[in-house]
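See below for run39.cif, which holds mmCIF, C-alpha atoms and all ligand atoms.
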data_query
loop_
_atom_site.label_atom_id
_atom_site.label_comp_id
_atom_site.auth_asym_id
_atom_site.auth_seq_id
_atom_site.Cartn_x
_atom_site.Cartn_y
_atom_site.Cartn_z
CA MET A 1 -63.84 24.17 -11.54
CA GLY A 2 -67.01 22.66 -12.80
CA VAL A 3 -67.54 19.14 -13.93
CA GLY A 4 -68.69 17.71 -17.17
CA SER A 5 -71.85 16.34 -15.70
CA SER A 6 -73.78 16.76 -12.52
CA ALA A 7 -74.04 13.00 -12.39
CA CYS A 8 -70.71 12.95 -10.57
CA LYS A 9 -71.79 15.16 -7.75
CA GLY A 10 -72.97 12.26 -5.65
CA PHE A 11 -69.41 11.11 -5.27
CA MET A 12 -68.14 13.85 -3.05
CA TYR A 13 -67.05 12.84 0.41
CA PRO A 14 -70.05 12.50 2.66
CA GLN A 15 -69.98 14.13 6.09
CA ALA A 16 -68.82 11.97 8.94
CA GLU A 17 -71.48 13.18 11.38
CA ASP A 18 -73.90 11.10 9.40
CA PRO A 19 -71.91 8.87 7.12
CA GLU A 20 -74.90 6.80 6.05
CA LYS A 21 -76.81 9.88 4.89
CA ASP A 22 -75.08 9.89 1.52
CA ALA A 23 -77.69 9.55 -1.16
CA ALA A 24 -75.54 7.37 -3.41
CA PRO A 25 -76.75 3.79 -3.65
CA ARG A 26 -75.12 1.50 -1.15
CA SER A 27 -74.53 -1.25 -3.64
CA LEU A 28 -71.73 0.73 -5.23
CA SER A 29 -68.33 -0.70 -4.48
CA THR A 30 -65.95 2.14 -4.95
CA VAL A 31 -62.74 3.42 -3.54
CA THR A 32 -63.48 6.88 -4.82
CA ARG A 33 -66.10 7.58 -2.15
CA LEU A 34 -63.63 7.08 0.65
CA PRO A 35 -62.67 8.19 3.16
CA PHE A 36 -65.58 9.38 5.23
CA LEU A 37 -64.13 11.97 7.49
CA SER A 38 -65.68 15.33 8.18
CA ALA A 39 -62.44 17.13 8.90
CA PHE A 40 -60.52 15.34 6.20
CA GLU A 41 -59.07 18.55 4.88
CA ASP A 42 -58.09 19.62 8.39
CA ARG A 43 -55.56 16.87 8.92
CA PRO A 44 -52.09 18.38 8.71
CA ASP A 45 -49.76 16.93 6.12
CA PHE A 46 -46.96 14.75 7.35
CA THR A 47 -43.88 16.96 7.81
CA PRO A 48 -40.72 14.92 8.21
CA VAL A 49 -38.15 16.21 10.68
CA ASP A 50 -35.32 14.48 8.81
CA ILE A 51 -34.36 15.22 5.25
CA LEU A 52 -35.78 12.38 3.21
CA CYS A 53 -33.98 10.94 0.22
CA GLU A 54 -35.30 12.36 -3.02
CA ARG A 55 -37.22 9.22 -3.91
CA ASP A 56 -39.11 9.08 -0.62
CA LEU A 57 -39.74 12.80 -0.58
CA SER A 58 -41.36 12.49 -3.97
CA LEU A 59 -43.37 9.53 -2.75
CA LEU A 60 -44.57 11.53 0.24
CA LYS A 61 -45.59 14.37 -2.06
CA ALA A 62 -47.57 11.94 -4.20
CA LEU A 63 -49.28 10.39 -1.19
CA THR A 64 -50.16 13.80 0.21
CA HIS A 65 -51.26 15.32 -3.07
CA HIS A 66 -53.47 12.39 -3.97
CA ARG A 67 -54.82 12.04 -0.46
CA THR A 68 -53.88 8.40 -0.30
CA PRO A 69 -54.79 6.89 3.06
CA PHE A 70 -51.50 6.11 4.75
CA ALA A 71 -49.72 5.90 8.07
CA VAL A 72 -46.15 6.53 9.07
CA VAL A 73 -45.00 3.68 11.25
CA GLU A 74 -41.90 3.73 13.42
CA THR A 75 -40.21 0.64 14.79
CA THR A 76 -39.26 0.61 18.44
CA ASP A 77 -37.41 -2.16 20.25
CA SER A 78 -40.63 -3.79 21.33
CA ASP A 79 -43.27 -2.51 18.97
CA THR A 80 -44.24 -0.74 15.75
CA ARG A 81 -45.85 2.60 16.54
CA ILE A 82 -47.91 4.91 14.33
CA ILE A 83 -46.42 8.38 14.41
CA TYR A 84 -48.72 9.90 11.78
CA ALA A 85 -52.07 8.94 10.26
CA SER A 86 -53.46 10.71 7.20
CA GLY A 87 -57.11 11.71 7.03
CA GLY A 88 -57.90 8.66 4.90
CA CYS A 89 -56.21 6.37 7.38
CA VAL A 90 -58.11 7.87 10.31
CA ALA A 91 -61.37 7.49 8.42
CA GLY A 92 -60.52 3.95 7.37
CA MET A 93 -59.78 2.88 10.91
CA GLY A 94 -62.94 4.58 12.18
CA MET A 95 -61.16 5.71 15.33
CA PRO A 96 -60.26 9.15 16.67
CA VAL A 97 -56.84 10.28 15.58
CA GLU A 98 -55.74 10.50 19.24
CA SER A 99 -56.27 6.76 19.56
CA ILE A 100 -54.20 6.08 16.44
CA GLU A 101 -51.15 8.27 16.64
CA GLY A 102 -48.72 7.15 19.31
CA THR A 103 -50.38 3.73 19.45
CA SER A 104 -49.02 0.39 18.37
CA PHE A 105 -49.67 -0.33 14.70
CA GLY A 106 -50.91 -3.83 15.46
CA ALA A 107 -53.29 -2.64 18.17
CA VAL A 108 -54.82 -0.06 15.83
CA LEU A 109 -55.33 -2.64 13.09
CA LYS A 110 -56.95 -5.06 15.48
CA LYS A 111 -59.23 -2.47 17.04
CA GLY A 112 -59.95 -0.47 13.88
CA ILE A 113 -60.63 -3.19 11.33
CA HIS A 114 -60.48 -6.38 13.41
CA ALA A 115 -57.41 -7.61 11.53
CA SER A 116 -56.27 -11.09 12.47
CA GLN A 117 -53.15 -11.58 14.56
CA ALA A 118 -51.54 -13.48 11.67
CA ASP A 119 -51.99 -10.56 9.27
CA VAL A 120 -50.76 -8.07 11.84
CA ASP A 121 -47.70 -10.25 12.43
CA ARG A 122 -46.88 -10.36 8.73
CA LEU A 123 -47.16 -6.62 8.28
CA GLU A 124 -45.15 -5.90 11.40
CA ALA A 125 -42.48 -8.39 10.37
CA ALA A 126 -42.11 -6.66 6.99
CA ILE A 127 -41.89 -3.24 8.65
CA ARG A 128 -39.23 -4.49 11.06
CA ALA A 129 -37.29 -6.23 8.30
CA LYS A 130 -37.56 -3.07 6.16
CA GLN A 131 -39.07 -5.02 3.33
CA ASP A 132 -41.74 -3.89 0.90
CA LEU A 133 -44.90 -5.94 1.31
CA SER A 134 -48.30 -5.93 -0.31
CA LEU A 135 -50.87 -7.78 1.77
CA VAL A 136 -54.64 -8.07 1.55
CA VAL A 137 -56.13 -8.21 5.03
CA LYS A 138 -59.67 -9.22 5.95
CA GLY A 139 -61.19 -6.12 7.51
CA SER A 140 -62.93 -3.19 5.90
CA THR A 141 -61.51 0.30 5.71
CA GLY A 142 -64.47 1.17 3.53
CA LYS A 143 -67.69 2.73 4.65
CA ARG A 144 -68.64 1.56 8.12
CA ASN A 145 -70.48 -1.74 7.87
CA SER A 146 -69.75 -1.87 4.17
CA LYS A 147 -70.29 -5.25 2.63
CA ASN A 148 -68.74 -4.19 -0.63
CA VAL A 149 -65.14 -3.67 0.37
CA PRO A 150 -64.57 -6.29 3.06
CA TYR A 151 -60.80 -6.35 2.57
CA THR A 152 -58.00 -3.85 2.78
CA GLN A 153 -54.87 -4.00 0.73
CA PHE A 154 -51.87 -2.75 2.68
CA TYR A 155 -48.62 -1.74 1.15
CA THR A 156 -45.61 -1.05 3.30
CA THR A 157 -42.31 0.43 2.23
CA THR A 158 -39.29 1.73 4.15
CA VAL A 159 -38.39 5.41 4.06
CA THR A 160 -34.77 6.48 4.25
CA ASP A 161 -33.06 9.78 4.90
CA ALA A 162 -30.77 11.57 2.45
CA GLY A 163 -27.86 9.47 3.69
CA GLY A 164 -29.71 6.21 3.08
CA GLN A 165 -30.46 5.52 6.77
CA PRO A 166 -33.86 3.87 7.33
CA LEU A 167 -36.21 6.12 9.29
CA TYR A 168 -39.68 4.59 9.36
CA SER A 169 -42.23 3.04 6.98
CA PHE A 170 -45.03 4.43 4.91
CA VAL A 171 -48.00 2.07 5.05
CA SER A 172 -50.79 2.76 2.59
CA LEU A 173 -54.22 1.20 2.78
CA GLN A 174 -56.79 0.66 0.08
CA PRO A 175 -60.24 -0.90 0.43
CA VAL A 176 -60.62 -3.82 -1.97
CA THR A 177 -63.40 -6.25 -2.79
CA GLY A 178 -61.50 -9.54 -2.92
CA ALA A 179 -58.92 -11.43 -0.90
CA GLU A 180 -56.55 -11.71 -3.86
CA ALA A 181 -54.06 -8.91 -4.37
CA GLU A 182 -54.96 -7.13 -7.57
CA PRO A 183 -52.02 -5.95 -9.66
CA SER A 184 -53.77 -2.66 -10.26
CA GLN A 185 -54.14 -2.23 -6.52
CA THR A 186 -50.74 -3.46 -5.46
CA MET A 187 -50.35 0.04 -4.24
CA PRO A 188 -52.91 2.75 -4.46
CA TYR A 189 -52.64 3.79 -8.04
CA ARG A 190 -50.98 7.14 -7.58
CA PHE A 191 -48.60 5.72 -5.04
CA ARG A 192 -47.55 3.06 -7.48
CA ARG A 193 -47.29 5.50 -10.28
CA ALA A 194 -45.02 7.87 -8.43
CA TRP A 195 -42.90 4.87 -7.63
CA THR A 196 -42.81 3.67 -11.18
CA CYS A 197 -41.78 7.06 -12.47
CA LEU A 198 -38.86 7.05 -10.10
CA LYS A 199 -37.77 3.57 -11.01
CA PRO A 200 -38.51 3.42 -14.71
CA SER A 201 -38.62 -0.05 -16.10
CA SER A 202 -36.49 -0.56 -19.17
CA VAL A 203 -39.37 -1.96 -21.16
CA TRP A 204 -42.58 -0.13 -21.74
CA SER A 205 -45.00 0.06 -24.56
CA LEU A 206 -45.05 2.63 -27.28
CA PHE A 207 -47.69 3.40 -29.83
CA THR A 208 -46.49 3.46 -33.41
CA PRO A 209 -49.13 5.19 -35.49
CA TYR A 210 -49.81 3.26 -38.66
CA LYS A 211 -51.31 6.36 -40.29
CA THR A 212 -49.34 9.55 -40.70
CA LEU A 213 -50.46 12.01 -38.07
CA CYS A 214 -50.18 15.75 -38.41
CA ASP A 215 -47.28 17.22 -36.42
CA VAL A 216 -49.36 18.54 -33.57
CA ASP A 217 -51.22 15.30 -32.93
CA SER A 218 -48.15 13.20 -33.29
CA GLY A 219 -46.55 15.53 -30.71
CA LEU A 220 -49.49 15.04 -28.36
CA VAL A 221 -49.07 11.27 -28.49
CA THR A 222 -45.33 11.58 -27.87
CA ALA A 223 -45.85 13.92 -24.92
CA LEU A 224 -48.33 11.54 -23.35
CA GLN A 225 -46.07 8.57 -23.94
CA ASP A 226 -43.04 10.35 -22.52
CA ARG A 227 -44.89 11.01 -19.32
CA ARG A 228 -46.46 7.60 -19.24
CA GLU A 229 -49.93 8.99 -18.89
CA MET A 230 -52.92 6.70 -18.86
CA PHE A 231 -54.46 6.76 -22.30
CA CYS A 232 -55.85 4.62 -25.06
CA ILE A 233 -56.14 5.03 -28.80
CA THR A 234 -58.95 3.80 -30.99
CA ASP A 235 -59.36 3.53 -34.74
CA PRO A 236 -62.74 4.85 -35.95
CA GLU A 237 -62.18 3.31 -39.38
CA LEU A 238 -62.45 -0.15 -37.87
CA TYR A 239 -65.76 -1.70 -36.86
CA ASP A 240 -67.04 -0.34 -33.50
CA ASN A 241 -64.10 2.04 -33.04
CA PRO A 242 -61.96 -0.50 -31.17
CA ILE A 243 -58.89 0.03 -29.03
CA VAL A 244 -55.68 -0.28 -31.01
CA PHE A 245 -53.36 0.77 -28.21
CA VAL A 246 -53.46 1.15 -24.44
CA SER A 247 -50.65 2.66 -22.37
CA ASP A 248 -48.96 0.74 -19.56
CA ASP A 249 -50.70 2.95 -17.05
CA PHE A 250 -54.06 2.05 -18.56
CA VAL A 251 -53.25 -1.62 -18.00
CA ASP A 252 -52.04 -1.00 -14.44
CA MET A 253 -54.95 1.15 -13.49
CA THR A 254 -57.78 -0.91 -14.95
CA GLY A 255 -56.30 -4.33 -14.21
CA TYR A 256 -57.05 -5.63 -17.72
CA ASN A 257 -54.36 -7.30 -19.84
CA ARG A 258 -53.63 -5.86 -23.24
CA GLU A 259 -54.76 -9.08 -24.90
CA GLU A 260 -58.17 -8.78 -23.25
CA ILE A 261 -58.91 -5.29 -24.43
CA ASN A 262 -57.09 -4.68 -27.67
CA GLY A 263 -59.63 -4.82 -30.45
CA ILE A 264 -62.71 -4.00 -28.38
CA ASN A 265 -64.62 -0.80 -27.68
CA CYS A 266 -63.81 1.16 -24.51
CA ARG A 267 -67.34 0.88 -23.18
CA PHE A 268 -66.28 -2.17 -21.14
CA LEU A 269 -65.07 0.33 -18.50
CA GLN A 270 -68.64 1.39 -17.87
CA GLY A 271 -70.90 -0.33 -15.39
CA GLU A 272 -74.27 -0.25 -13.74
CA MET A 273 -73.74 3.11 -12.04
CA THR A 274 -72.22 4.90 -15.03
CA SER A 275 -74.49 7.77 -16.00
CA THR A 276 -75.92 7.57 -19.49
CA GLU A 277 -75.81 11.36 -19.65
CA ASP A 278 -72.05 11.23 -19.23
CA VAL A 279 -71.77 8.65 -22.00
CA ASP A 280 -73.93 10.91 -24.19
CA VAL A 281 -71.25 13.57 -23.83
CA ILE A 282 -68.65 11.14 -25.20
CA ARG A 283 -70.98 10.16 -28.05
CA TYR A 284 -71.33 13.82 -28.85
CA GLY A 285 -67.56 14.35 -28.95
CA LEU A 286 -67.15 11.35 -31.24
CA LYS A 287 -69.95 12.40 -33.57
CA GLU A 288 -68.68 15.96 -33.85
CA GLU A 289 -65.04 14.85 -33.96
CA THR A 290 -64.25 17.41 -31.32
CA ASP A 291 -62.25 17.56 -28.10
CA MET A 292 -64.38 17.08 -25.03
CA ARG A 293 -64.06 16.30 -21.38
CA VAL A 294 -66.41 14.57 -18.99
CA CYS A 295 -66.06 13.09 -15.54
CA LEU A 296 -67.72 9.71 -15.39
CA LEU A 297 -67.82 6.61 -13.26
CA ASN A 298 -65.83 3.67 -14.60
CA TYR A 299 -64.93 0.28 -13.22
CA ARG A 300 -61.72 -1.69 -12.96
CA LYS A 301 -61.54 -5.36 -13.76
CA ASN A 302 -61.86 -6.20 -10.07
CA GLY A 303 -65.17 -4.34 -9.89
CA THR A 304 -64.01 -1.31 -7.95
CA ALA A 305 -65.22 1.97 -9.38
CA PHE A 306 -63.23 5.09 -10.02
CA LEU A 307 -64.02 8.59 -11.16
CA ASN A 308 -62.53 9.07 -14.58
CA GLN A 309 -61.77 12.60 -15.66
CA PHE A 310 -61.96 11.62 -19.27
CA ASN A 311 -60.50 13.70 -22.11
CA LEU A 312 -61.21 12.79 -25.70
CA SER A 313 -59.42 14.17 -28.72
CA PRO A 314 -59.48 13.27 -32.39
CA LEU A 315 -56.03 12.65 -33.86
CA ARG A 316 -55.89 13.90 -37.41
CA ASP A 317 -53.73 12.86 -40.31
CA THR A 318 -51.85 15.32 -42.48
CA SER A 319 -54.94 15.97 -44.59
CA GLY A 320 -57.03 16.80 -41.52
CA LYS A 321 -59.04 13.58 -41.54
CA VAL A 322 -59.58 11.88 -38.20
CA ALA A 323 -57.19 8.94 -38.09
CA PHE A 324 -57.60 7.90 -34.45
CA PHE A 325 -59.25 9.02 -31.27
CA ILE A 326 -57.21 9.33 -28.13
CA GLY A 327 -58.77 9.10 -24.68
CA VAL A 328 -56.80 10.29 -21.66
CA GLN A 329 -58.12 8.96 -18.38
CA ILE A 330 -57.23 10.73 -15.14
CA GLU A 331 -58.42 9.19 -11.91
CA VAL A 332 -59.83 11.85 -9.60
CA GLU A 333 -61.26 11.63 -6.13
CA ASP A 334 -63.66 14.49 -6.28
CA ALA A 335 -65.05 15.79 -9.53
CA GLU A 336 -66.01 19.10 -7.98
CA VAL A 337 -62.70 20.37 -6.75
CA MET A 338 -59.82 18.76 -8.57
CA PRO A 339 -58.13 21.26 -10.85
CA PHE A 340 -57.81 19.05 -13.86
CA PRO A 341 -57.79 20.36 -17.38
CA THR A 342 -61.04 20.99 -19.13
CA THR A 343 -59.61 21.06 -22.59
CA ARG A 344 -56.88 19.62 -24.65
CA GLN A 345 -55.20 22.99 -24.53
CA THR A 346 -54.83 22.88 -20.78
CA LEU A 347 -53.93 19.22 -20.93
CA GLN A 348 -51.13 20.03 -23.28
CA GLU A 349 -49.97 22.90 -21.13
CA MET A 350 -49.87 20.58 -18.17
CA LEU A 351 -47.67 18.21 -20.11
CA MET A 352 -45.38 20.75 -21.65
CA ASP A 353 -41.85 21.65 -20.81
CA GLU A 354 -39.97 24.48 -22.44
CA GLU A 355 -38.59 22.42 -25.29
CA GLU A 356 -42.04 21.15 -26.14
CA LYS A 357 -43.47 24.65 -26.01
CA ASP A 358 -41.18 25.50 -28.91
CA PHE A 359 -42.34 22.38 -30.67
CA TRP A 360 -46.02 23.26 -30.31
CA ASP A 361 -45.36 26.78 -31.50
CA ASP A 362 -43.68 25.53 -34.66
CA ALA A 363 -45.93 22.55 -35.35
CA GLU A 364 -48.08 22.67 -38.44
CA PRO A 365 -51.78 22.08 -37.74
CA ALA A 366 -53.89 19.91 -40.00
CA PRO A 367 -56.21 21.88 -42.32
CA ALA A 368 -59.35 21.04 -40.34
CA GLN A 369 -57.76 22.47 -37.21
CA GLU A 370 -56.95 25.75 -38.91
CA ARG A 371 -60.59 26.28 -39.74
CA ALA A 372 -61.63 26.80 -36.14
CA THR A 373 -62.38 30.41 -35.33
CA VAL A 374 -62.27 32.53 -32.22
CA VAL A 375 -65.94 32.92 -31.42
CA ASP A 376 -68.12 32.44 -28.41
CA ALA A 377 -70.50 29.73 -29.43
CA PRO A 378 -73.97 29.76 -27.90
CA GLY A 379 -74.27 26.80 -25.59
CA VAL A 380 -70.55 26.18 -25.34
CA LYS A 381 -69.39 25.98 -21.77
CA SER A 382 -65.91 27.42 -21.73
CA GLU A 383 -64.10 27.39 -18.42
CA GLY A 384 -62.37 30.60 -17.48
CA MET A 385 -58.92 29.91 -18.88
CA GLU A 386 -57.39 33.22 -19.67
CA GLY A 387 -56.85 33.60 -23.38
CA GLU A 388 -58.72 30.42 -24.13
CA VAL A 389 -60.41 30.43 -27.51
CA LYS A 390 -63.65 28.80 -28.47
CA SER A 391 -64.31 26.44 -31.30
CA GLU A 392 -66.80 26.96 -34.09
CA ALA A 393 -70.41 27.52 -33.04
CA MET A 394 -72.19 24.29 -32.30
CA VAL A 395 -74.96 22.94 -30.16
CA VAL A 396 -73.53 21.31 -27.12
CA PRO A 397 -75.49 18.99 -24.87
CA ALA A 398 -75.75 19.99 -21.21
CA GLY A 399 -72.59 19.26 -19.35
CA VAL A 400 -70.25 19.21 -22.31
CA GLU A 401 -67.03 21.10 -22.03
CA THR A 402 -65.27 21.66 -25.27
CA GLY A 403 -61.63 22.17 -25.98
CA VAL A 404 -59.70 23.51 -28.86
CA HIS A 405 -56.38 23.03 -30.41
CA PRO A 406 -53.50 25.16 -29.11
CA ARG A 407 -52.76 26.35 -32.62
CA GLU A 408 -56.18 27.91 -32.83
CA GLY A 409 -55.10 30.57 -30.35
C1 LIG B 1 -60.38 6.90 -27.53
C2 LIG B 1 -61.59 6.56 -26.70
C3 LIG B 1 -61.43 6.31 -25.35
C4 LIG B 1 -62.53 6.03 -24.55
N1 LIG B 1 -62.34 5.82 -23.23
C5 LIG B 1 -63.40 5.62 -22.45
C6 LIG B 1 -63.23 5.48 -21.04
O1 LIG B 1 -62.13 5.61 -20.51
N2 LIG B 1 -64.33 5.26 -20.29
C7 LIG B 1 -65.57 5.17 -20.84
O2 LIG B 1 -66.53 4.97 -20.10
N3 LIG B 1 -65.76 5.30 -22.16
C8 LIG B 1 -64.72 5.54 -22.95
N4 LIG B 1 -64.91 5.69 -24.30
C9 LIG B 1 -66.28 5.70 -24.85
C10 LIG B 1 -66.78 4.38 -25.38
O3 LIG B 1 -65.82 3.69 -26.10
C11 LIG B 1 -67.99 4.60 -26.29
O4 LIG B 1 -67.61 5.44 -27.32
C12 LIG B 1 -69.15 5.21 -25.57
O5 LIG B 1 -69.64 4.25 -24.66
C13 LIG B 1 -70.31 5.63 -26.49
O6 LIG B 1 -70.55 4.65 -27.43
P1 LIG B 1 -71.73 3.55 -27.33
O7 LIG B 1 -72.98 4.31 -27.33
O8 LIG B 1 -71.55 2.71 -28.54
O9 LIG B 1 -71.49 2.79 -26.07
C14 LIG B 1 -63.82 5.97 -25.13
C15 LIG B 1 -63.96 6.21 -26.49
C16 LIG B 1 -62.88 6.51 -27.27
C17 LIG B 1 -63.07 6.75 -28.73
#

Could you take the file, read its structure, and then write that structure out as structure tokens?
Amino acid sequence: MGVGSSACKGFMYPQAEDPEKDAAPRSLSTVTRLPFLSAFEDRPDFTPVDILCERDLSLLKALTHHRTPFAVVETTDSDTRIIYASGGCVAGMGMPVESIEGTSFGAVLKKGIHASQADVDRLEAAIRAKQDLSLVVKGSTGKRNSKNVPYTQFYTTTVTDAGGQPLYSFVSLQPVTGAEAEPSQTMPYRFRRAWTCLKPSSVWSLFTPYKTLCDVDSGLVTALQDRREMFCITDPELYDNPIVFVSDDFVDMTGYNREEINGINCRFLQGEMTSTEDVDVIRYGLKEETDMRVCLLNYRKNGTAFLNQFNLSPLRDTSGKVAFFIGVQIEVEDAEVMPFPTTRQTLQEMLMDEEEKDFWDDAEPAPAQERATVVDAPGVKSEGMEGEVKSEAMVVPAGVETGVHPREG
């Protein structure tokens, strides 16, 4: 699947044979460019011999799917031993996998990232005591000799079998810029998110539209809220199109408090390496009041960068007028290969269950949405979704991918 802009192409994993050859500027502090391992894809997934409890099985799936660097650590009478290291973990430690698996966890940390004995002791104590622990350790699992990510945030959690017996620990690692644990990095984002979904907190934030949305758009907001996706909503009728709502995941992921960002424009997520061409694509979507998608570089509050597979959609009121814009942010590791939706249609399909399918089929579109016709517009880049329809002819800047409303089909 293509990307919204070629500007993202520099963020693919560089080859390990020559890790410094990557053309991207070295000043960039980003977790998205890690790990640097040539045979990253060749590492087998961790296959547990025992039947894991549902919660831990789901966690393992999330770690594997999102390629989170992690190790499986077993406790023996005298030691804590690594029985599996993911590709990201191997790359982060900068050691051959043969020297990691089967070796003492502490020894690997000391050799691989020069972790202090005190930090190793704390992590090992938590693993032995079967306690969850988040700990920032001095020692870089970033690019070799990187000055930008001098610390690594570890997160350890015990895994149990279906009968509740502790088996071993999953230990994830995330390069971070500062010694303080960042809430957004308490666990690698996806790791945390899988966890959160399994243990839903009783309180979470909901957006209550203060303008009456058409059925379809109100349904989109509900679907996103139900699944606790990362998104934000802005009000174009207010000066500078400010944020009027951010989801809990947005707060977790970016590290900003609601109070800090409500009422300001989303451009604060951009930074020195964000491509202006990518931002042009967003400007285009806003100007044309159309769905669009672009993959661009954004920054968290702690300065670490992430690739944002950004989806923008206007939310219309019952008369068809744009009431809000909604932006759905999906963190991706590699803009070239991740099969994320190019349009709102595919986004909605991804979110839908059977009951919602019925809802979308019955929902009344706003008048402006009905106007769209099934034509191939010159210049419109439509990804090969079977049965996908194109919006009205328009001039689209290079790199723009447009989406249409499901009702238009
Ligand atoms: C709903 C919504 C969400 C947005 N989310 C992001 C985002 O996640 N990342 C980003 O870089 N820009 C995002 N933007 C774009 C910026 O807010 C802004 O529109 C863009 O920088 C172009 O405007 P400017 O030229 O005034 O900066 C979002 C815009 C809207 C309307």

* With only C-alpha atoms and all ligand atoms counted, collect every polymer residue having an atom within 10 Å of ligand LIG 1 (chain B); state the result as a ChimeraX atom specification. => /A:230-236,240-246,250,254,264-271,274-276,278-287,289,294-299,307-315,324-330

* Asked: With only C-alpha atoms as the atoms that count, which of A:Gly163, A:Thr80, A:Arg258, A:Asp252 lies nearest to Arg300 of chain A?
  ->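 Ranked by minimum distance to Arg300 of chain A, first place goes to A:Asp252.
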
For segment 72-80 of chain A, I'd like the enclosing box, axis-aligned and padded by 6 Å on every side, reported as JSON with centre and edge lengths in Å to one decimal.
{"center_x": -41.8, "center_y": 1.4, "center_z": 15.2, "size_x": 20.7, "size_y": 22.3, "size_z": 24.3}

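Restricting the calculation to all atoms listed in the file, the smallest distance between Gln117 of chain A and any of A:Val221, A:Ala129, A:Val137, A:Pro96 is found for A:Val137.
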
Cut-off 12 Å: closest segment 279-339 of chain A/segment 168-176 of chain A atom pairs per residue, using all atoms listed in the file, as JSON lines:
{"residue": "A:Arg300", "atom": "CA", "partner": "A:Val176", "partner_atom": "CA", "distance": 11.2}
{"residue": "A:Lys301", "atom": "CA", "partner": "A:Val176", "partner_atom": "CA", "distance": 11.9}
{"residue": "A:Asn302", "atom": "CA", "partner": "A:Val176", "partner_atom": "CA", "distance": 8.5}
{"residue": "A:Gly303", "atom": "CA", "partner": "A:Val176", "partner_atom": "CA", "distance": 9.1}
{"residue": "A:Thr304", "atom": "CA", "partner": "A:Val176", "partner_atom": "CA", "distance": 7.3}
{"residue": "A:Ala305", "atom": "CA", "partner": "A:Val176", "partner_atom": "CA", "distance": 10.5}

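Taking atom CA of Glu229 of chain A as the reference point, atom CA of Phe207 of chain A is found at 12.5 Å.
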
* To do: May I ask for the distance between atom CA of Asp161 of chain A and atom CA of Leu135 of chain A, given in Å to one decimal place?
  => 25.2 Å

* Quick one: pull the distance between atom CA of Gly88 of chain A and atom CA of Arg293 of chain A, Å, one decimal. =>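 Rounded to one decimal, the two atoms are 28.1 Å apart.
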
Complete segment 249-260 of chain A at the level of N, CA and C atoms, written as a JSON list (two decimals), in the coordinates of the input.
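Below is the file that was written, part.json:
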[["chain", "number", "residue", "atom", "x", "y", "z"],
["A", 249, "ASP", "N", -49.93, 2.47, -18.19],
["A", 249, "ASP", "CA", -50.70, 2.95, -17.05],
["A", 249, "ASP", "C", -52.17, 2.55, -17.14],
["A", 250, "PHE", "N", -52.67, 2.48, -18.36],
["A", 250, "PHE", "CA", -54.06, 2.05, -18.56],
["A", 250, "PHE", "C", -54.20, 0.61, -18.06],
["A", 251, "VAL", "N", -53.23, -0.21, -18.41],
["A", 251, "VAL", "CA", -53.25, -1.62, -18.00],
["A", 251, "VAL", "C", -53.17, -1.72, -16.47],
["A", 252, "ASP", "N", -52.22, -0.97, -15.90],
["A", 252, "ASP", "CA", -52.04, -1.00, -14.44],
["A", 252, "ASP", "C", -53.29, -0.56, -13.71],
["A", 253, "MET", "N", -53.85, 0.52, -14.20],
["A", 253, "MET", "CA", -54.95, 1.15, -13.49],
["A", 253, "MET", "C", -56.24, 0.33, -13.58],
["A", 254, "THR", "N", -56.51, -0.21, -14.77],
["A", 254, "THR", "CA", -57.78, -0.91, -14.95],
["A", 254, "THR", "C", -57.67, -2.38, -14.54],
["A", 255, "GLY", "N", -56.47, -2.91, -14.57],
["A", 255, "GLY", "CA", -56.30, -4.33, -14.21],
["A", 255, "GLY", "C", -56.53, -5.29, -15.37],
["A", 256, "TYR", "N", -56.85, -4.75, -16.54],
["A", 256, "TYR", "CA", -57.05, -5.63, -17.72],
["A", 256, "TYR", "C", -55.72, -5.86, -18.44],
["A", 257, "ASN", "N", -55.54, -7.05, -18.99],
["A", 257, "ASN", "CA", -54.36, -7.30, -19.84],
["A", 257, "ASN", "C", -54.60, -6.68, -21.20],
["A", 258, "ARG", "N", -53.52, -6.38, -21.87],
["A", 258, "ARG", "CA", -53.63, -5.86, -23.24],
["A", 258, "ARG", "C", -54.42, -6.81, -24.14],
["A", 259, "GLU", "N", -54.13, -8.10, -24.01],
["A", 259, "GLU", "CA", -54.76, -9.08, -24.90],
["A", 259, "GLU", "C", -56.28, -9.06, -24.73],
["A", 260, "GLU", "N", -56.73, -8.76, -23.51],
["A", 260, "GLU", "CA", -58.17, -8.78, -23.25],
["A", 260, "GLU", "C", -58.88, -7.61, -23.90]]
